[in-house]
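Okay, structure first, notes after.
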Amino acid sequence: MSRIGSLARANVQALTPYQSARRLGGNGDVWLNANEYPQSVPFTLSQQTLNRYPECQPVQVIERYAAYAGLSREQVLVSRGADEGIELLMRAFCEPGQDAVLFCPPTYGMYSVSAETIGIEYRTVPAIDGWQLNLPAIRAALEGVRLVYVCSPNNPTANLVNPQDIRQLLEMTRDKALVVVDEAYIEFCPQATLSSWLAEWPQLVILRTLSKAFALAGLRCGFTLANPEVIALLMKVIAPYPLSTPVADIAAQALSTEGIALMRQHVAELNASREWLIAQLRNCRCVSQVFPSETNYILVRFSHSAEIFKRLWDQGIILRDQNTQPGLAGCLRISIGTRSECERLMDALTTLSTSPTFQEQA
Ligand SMILES: *Cc1c(COP(=O)(O)O)cnc(C)c1O
C-alpha cells in the first residue's frame with residue numbers, strides 16, 4: 001500500500017464523492033435515474049477551428065442565453081454545467097475554514113460535495129411541510145453564511161419553493177449572503193422563474209443548465225444568472241477556457257430559435273407523459289404516495305421500496321433510490337422517459353403488485 005493517500009487534504013480523504021447515476025452503474029435498458037431527456041437530439045459540429053483556443057465566454061452562447069432568459073449579456077456566465085456554477089460561487093464568496101453555506105435537505109447532493117471538497121462548512125436546515133423553507137430556522141443559522149442554495153423546483157421532491165418565502169429569505173440576507181436559486185428544471189414550469197427578480201435583488205443568483213429540458217446532459221453546459229458585479233467576480237475564478245469549442249458550437253445551436261422551439265415541444269410531451277404516469281402510479285397497489293411534480297421526474301413512496309427497486313433493476317429498469325435522504329424513507333425517484341418506457345415501467349409495477357410480497361399496503 002502506498003502512502004500517497006495520506007498526502008491528500010484531510011477533507012478530501014474524508015470525502016464521500018457524489019453518487020452520480022453513472023457511478024452507481026446498473027445494466028439497464030430503461031434509464032430513469034438521472035433526469036435526462038430520454039432521446040438524443042441530433043446536432044452536428046459546424047466549427048473547424050480546433051487548433052485555436054476557445055473563447056472564455058463564447059459571445060453567441062452568451063447572447064442567445066441572455067435573450068432566452070430576458071436578461072442582458074453582463075448578467076450571464078456560461079460554465080461546464082450548473083455544477084461548475086455551484087462551485088465557482090463557493091470559490092468566489094467563501095473563505096475555507098471560516099465562511100459557511102446553507103441549504104435545505106432533502107435536496108440536490110452537489111451543494112454538500114462541493115463545500116466538502118473546498119473545505120467550507122455547510123449547514124443544513126431541513127425543509128418543512130411540503131418541502132418548503134423553514135425561515136425562522138434559516139434566520140437563526142445565518143451567522144457566517146455567505147451562500148444559501150435553494151433548489152426550485154427541488155430535486156428530488158419535484159416541488160416549487162414558495163416565491164413569497166424566497167422573497168423573505170432575500171430580505172433577511174440583504175448585504176449578508178447571496179441567495180442561489182437552482183432552476184435546473186425551470187423549463188418544465190417556466191412561469192415560475194425568478195429571473196425577473198434579478199433587477200430588484202443584487203444578491204440573487206440563478207443557476208440553469210442545458211442538461212435537462214434541452215436534452216444535453218452529455219454536453220456539460222450550464223449558466224449562472226446574476227447581477228453584473230457577481231458575474232465579474234465569478235469571471236475572476238473561472239478557468240481560462242471552461243468550454244471546449246464543440247460545446248460552445250452545439251450550445252449555440254440549442255439556443256437558436258429552432259433549438260428553443262424543439263426544447264419546448266419536448267417539454268410539452270414529457271409533461272403529458274408525467275401526468276399519464278402520475279395517474280397510473282396512483283392506481284398501483286404497491287405505491288403508497290405519489291408527490292405532485294413540476295419537473296421531468298416524480299417522487300414516489302412505495303410500500304416495499306427496496307424490493308421494488310431491486311426487482312425493477314433486475315429487469316433493466318433503473319430508478320433512483322432516495323431512501324437515505326431525510327424524510328424520504330421508502331421513496332424512489334422516477335425520471336420521465338419516452339412514453340413506451342413509462343408503459344414498460346407500469347407493466348412491470350403492475351405485475352409486481354400482484355405478487356404476494358407486495359400485496360399489503362404500507
Ligand atoms: C442536474 C442538476 C444540476 C446539474 O446540472 P449540470 O448542468 O448537468 O451540471 C444542478 N442542479 C440540479 C438541481 C440538478 O438536478
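So you can find residues: chains in the C-alpha cells are A, B, ... in the order shown, residues in each start at 1, and ligands are numbered from 1 in order.
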Requested in this report: Quick one: everything within 7 Å of A:Glu121, counting only C-alpha atoms, minus sequence neighbours fewer than 6 positions away in the same chain. Send it as a PyMOL selection string.
Outcome: chain A and resi 97+99-101+115
Go ahead and dump the residues you just picked, all heavy atoms, as a compact mmCIF listing (two decimals), in the first residue's frame.
# COMPACT_ATOMS: atom_id res chain seq x y z
N GLY A 97 -12.73 27.23 5.83
CA GLY A 97 -12.45 27.20 7.26
C GLY A 97 -13.01 28.38 8.02
O GLY A 97 -12.79 28.52 9.23
N ASP A 99 -16.07 30.79 6.39
CA ASP A 99 -17.45 31.05 5.99
C ASP A 99 -18.21 29.74 5.81
O ASP A 99 -17.61 28.66 5.73
CB ASP A 99 -17.48 31.84 4.67
CG ASP A 99 -16.76 33.17 4.79
OD1 ASP A 99 -16.78 33.77 5.89
OD2 ASP A 99 -16.16 33.61 3.79
N ALA A 100 -19.52 29.87 5.70
CA ALA A 100 -20.36 28.67 5.55
C ALA A 100 -21.35 28.85 4.41
O ALA A 100 -21.64 29.97 3.98
CB ALA A 100 -21.10 28.38 6.86
N VAL A 101 -21.88 27.72 3.92
CA VAL A 101 -23.02 27.74 3.01
C VAL A 101 -24.17 27.03 3.71
O VAL A 101 -23.96 26.30 4.68
CB VAL A 101 -22.71 27.05 1.65
CG1 VAL A 101 -21.52 27.69 0.97
CG2 VAL A 101 -22.49 25.56 1.82
N ALA A 115 -18.90 21.85 -1.18
CA ALA A 115 -18.44 22.50 0.06
C ALA A 115 -17.38 21.65 0.74
O ALA A 115 -16.32 22.16 1.14
CB ALA A 115 -19.62 22.74 1.00
Query raised in the report: Running DSSP on the backbone, which parts of stretch 150-309 of chain A land in strand (DSSP E), as a PyMOL selection string?
Result: chain A and resi 150-151+178-182+204-209+222-226+287-290+297-302
Show me, as a Markdown table, the residues of stretch 231-286 of chain A having an atom within 8 Å of stretch 328-340 of chain A, each with the closest atom pair and its distance in Å, using only C-alpha atoms.
| residue | atom | partner | partner_atom | distance |
| --- | --- | --- | --- | --- |
| A:Leu270 | CA | A:Ile336 | CA | 6.6 |
| A:Ser273 | CA | A:Arg339 | CA | 6.2 |
| A:Arg274 | CA | A:Ile336 | CA | 6.2 |
Requested in this report: Residues within 10 Å of ligand 1, counting only C-alpha atoms and all ligand atoms: report them as a PyMOL selection string.
Outcome: chain A and resi 20+34-36+79-86+107-111+149-156+158+181-186+207-212+216-223
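Counting only C-alpha atoms and comparing A:Pro246, A:Pro202, A:Pro17, A:Pro106, the residue that lies closest to A:Thr44 is A:Pro246.
From atom CA of A:Gln280 back to atom CA of A:Ser303, the distance works out to 16.1 Å.
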Query - Residue nearest A:Leu299 - candidates A:Met263, A:Leu178, A:Leu319, A:Cys284, atoms counted: only C-alpha atoms - result: A:Leu319
Report task. Give the helix (DSSP H, G or I) residues of stretch 78-236 of chain A, as DSSP finds them on the backbone, and put them as a PyMOL selection string. Result -> chain A and resi 81-93+110-118+135-140+163-173+186-188+190-192+195-199+228-236
